[in-house]
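A.B. asks: Here it is: the structure, laid out below.
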Amino acid sequence: MLKLLVPVDDSEQALRAVRHAAFLFKDHCVSQVVLLNVQPSLEHGRVCAYRSQDALRRIEEERGAAALRPACRILDEAGASYVAQVKMGEVVPTISQVAAANDCNAIVMGTAGRTAIGAFMAAGLAHKVAHKSHVPVTMVE
């Protein structure tokens, strides 16, 4: 059975991809879902002048956890087996690295979103992920 990676931000499009993964789990096509939220590093912005590295990491983790909560609820309601991860870094390479590190067979993504990651998706993120990844990428609209 398949192991899916679903990149998640706080957009409705990302949640559609999670719902699709939940459907595939219920249909016995998927054994596990890996939810991933990629946070841009705060170390290079103005905030780093006012906060310690530990405080910045906590902020990044909290933002990531908040973005993952609705996705986790969807998978919990479906009874799906999943793991949720928050990673820091550039979106495309991080998605590809996490898919490889978790032995995922495919990636399921939303088509666009209203956040920074969503805007990046709208500008060709899926194409870039498909190019960088060694597994198939399915787009959910």
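Lettering and numbering for the structure tokens are positional, with chains as A, B, ... in the shown order, residues counted from 1 in each chain, and ligands counted from 1 in the shown order.
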Region 95-102 of chain A: which residues within 8 Å, counting only C-alpha atoms, same-chain residues fewer than 5 positions away excluded, as a PyMOL selection string?

C.D. replies: chain A and resi 5+7+34+36+38+107+129+132-134

A.B. asks: Please produce a file of the residues just selected, as a PDB file, in the first residue's frame, where the atoms kept are N, CA and C atoms.

C.D. replies:
ATOM      1  N   LEU A   5       2.764  11.628   1.281  1.00  0.00           N
ATOM      2  CA  LEU A   5       3.171  12.876   1.911  1.00  0.00           C
ATOM      3  C   LEU A   5       2.191  13.950   1.466  1.00  0.00           C
ATOM      4  N   PRO A   7       1.858  17.975   1.939  1.00  0.00           N
ATOM      5  CA  PRO A   7       2.303  19.265   2.471  1.00  0.00           C
ATOM      6  C   PRO A   7       1.079  20.100   2.851  1.00  0.00           C
ATOM      7  N   VAL A  34       1.823  11.145   5.782  1.00  0.00           N
ATOM      8  CA  VAL A  34       2.799  12.007   6.444  1.00  0.00           C
ATOM      9  C   VAL A  34       2.370  13.446   6.151  1.00  0.00           C
ATOM     10  N   LEU A  36       3.041  17.387   6.439  1.00  0.00           N
ATOM     11  CA  LEU A  36       4.237  18.216   6.561  1.00  0.00           C
ATOM     12  C   LEU A  36       3.878  19.684   6.448  1.00  0.00           C
ATOM     13  N   VAL A  38       5.977  23.237   6.237  1.00  0.00           N
ATOM     14  CA  VAL A  38       7.311  23.815   6.088  1.00  0.00           C
ATOM     15  C   VAL A  38       7.239  25.283   6.492  1.00  0.00           C
ATOM     16  N   ILE A 107       3.219  12.031  -3.401  1.00  0.00           N
ATOM     17  CA  ILE A 107       2.926  13.307  -2.743  1.00  0.00           C
ATOM     18  C   ILE A 107       1.576  13.780  -3.261  1.00  0.00           C
ATOM     19  N   VAL A 129       8.141  20.772  -7.285  1.00  0.00           N
ATOM     20  CA  VAL A 129       8.192  19.579  -6.426  1.00  0.00           C
ATOM     21  C   VAL A 129       8.263  18.329  -7.289  1.00  0.00           C
ATOM     22  N   LYS A 132      11.738  17.903  -8.577  1.00  0.00           N
ATOM     23  CA  LYS A 132      12.727  17.598  -7.541  1.00  0.00           C
ATOM     24  C   LYS A 132      12.498  16.217  -6.904  1.00  0.00           C
ATOM     25  N   SER A 133      11.255  15.777  -6.909  1.00  0.00           N
ATOM     26  CA  SER A 133      10.885  14.556  -6.214  1.00  0.00           C
ATOM     27  C   SER A 133      11.134  13.311  -7.067  1.00  0.00           C
ATOM     28  N   HIS A 134      11.348  12.205  -6.395  1.00  0.00           N
ATOM     29  CA  HIS A 134      11.521  10.925  -7.068  1.00  0.00           C
ATOM     30  C   HIS A 134      10.260  10.074  -6.994  1.00  0.00           C
TER      31      HIS A 134
END

A.B. asks: Fewer than 6 positions away in the same chain doesn't count, so skip those; otherwise give me all residues within 10 Å of region 84-91 of chain A, counting only C-alpha atoms, as a ChimeraX atom specification.

C.D. replies: /A:5-8,33-42,57,60-65,67-69,71-72,98,117,120-121,125,128-129

A.B. asks: Please tabulate, as CSV, the residues of region 58-111 of chain A that come within 8 Å of region 13-30 of chain A, each with its closest pair of atoms and the distance in Å to one decimal, counting only C-alpha atoms and ordering rows by chain, then residue number upward.

C.D. replies:
residue,atom,partner,partner_atom,distance
A:Pro70,CA,A:Leu15,CA,7.6
A:Ala71,CA,A:Leu15,CA,6.1
A:Ile74,CA,A:Arg19,CA,6.7
A:Leu75,CA,A:Ala22,CA,5.8
A:Ala78,CA,A:Ala22,CA,6.0
A:Gly79,CA,A:Lys26,CA,8.0
A:Ala80,CA,A:Phe25,CA,6.2
A:Val108,CA,A:Ala17,CA,6.1
A:Met109,CA,A:Ala17,CA,5.5
A:Gly110,CA,A:Ala14,CA,4.6
A:Thr111,CA,A:Gln13,CA,6.3

A.B. asks: Write out as number ranges by chain all residues of chain A that backbone DSSP assigns to strand (DSSP E).

C.D. replies: A: 2-7, 30-39, 82-88, 106-110, 137-140

A.B. asks: Could you save the residues just selected, with C-alpha atoms, as a compact mmCIF listing (two decimals), in the first residue's frame?

C.D. replies:
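Result file out-v3.txt:
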# COMPACT_ATOMS: atom_id res chain seq x y z
CA LEU A 2 0.99 3.60 -0.50
CA LYS A 3 2.51 5.98 1.99
CA LEU A 4 1.55 9.56 1.10
CA LEU A 5 3.17 12.88 1.91
CA VAL A 6 0.75 15.80 2.13
CA PRO A 7 2.30 19.26 2.47
CA VAL A 30 -3.03 4.17 1.60
CA SER A 31 -1.39 2.72 4.70
CA GLN A 32 -0.08 5.96 6.22
CA VAL A 33 -0.10 9.70 5.63
CA VAL A 34 2.80 12.01 6.44
CA LEU A 35 1.59 15.56 7.04
CA LEU A 36 4.24 18.22 6.56
CA ASN A 37 4.25 21.92 7.30
CA VAL A 38 7.31 23.82 6.09
CA GLN A 39 8.08 27.01 7.97
CA TYR A 82 -0.50 9.44 10.13
CA VAL A 83 2.47 11.36 11.42
CA ALA A 84 2.70 15.15 11.46
CA GLN A 85 5.96 17.04 11.07
CA VAL A 86 7.04 20.67 11.08
CA LYS A 87 10.27 21.42 9.25
CA MET A 88 12.11 24.68 8.69
CA ALA A 106 3.63 9.68 -3.57
CA ILE A 107 2.93 13.31 -2.74
CA VAL A 108 -0.59 14.79 -2.72
CA MET A 109 -0.80 18.60 -2.81
CA GLY A 110 -3.41 21.32 -3.00
CA VAL A 137 2.93 14.18 -7.37
CA THR A 138 -0.87 14.39 -7.48
CA MET A 139 -2.58 17.79 -7.48
CA VAL A 140 -5.94 18.19 -5.76

A.B. asks: Let's see if you can do this: from backbone DSSP, list all alpha helix (DSSP H) residues in chain A, as a PyMOL selection string.

C.D. replies: chain A and resi 12-26+53-78+91-101+116-120+126-132

A.B. asks: One number please: CA of Cys104 (chain A) to CA of Glu141 (chain A), in Å, one decimal.

C.D. replies: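 Computed distance, CA of Cys104 (chain A) to CA of Glu141 (chain A), equals 21.2 Å.
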
A.B. asks: Quick check, in Å to one decimal: how far apart do CA of Asp76 (chain A) and CA of Glu12 (chain A) lie?

C.D. replies: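 Interatomic distance here is 17.5 Å.
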
A.B. asks: Just the number, please: distance in Å from CA of Val92 (chain A) to CA of Gly124 (chain A), one decimal.

C.D. replies: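 Rounded to one decimal, the two atoms are 10.5 Å apart.
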
A.B. asks: Considering only C-alpha atoms, can you say which of A:Ala66, A:Ala130, A:Ile59, A:Met1 comes closest to Pro93 (chain A)?

C.D. replies: A:Ala130
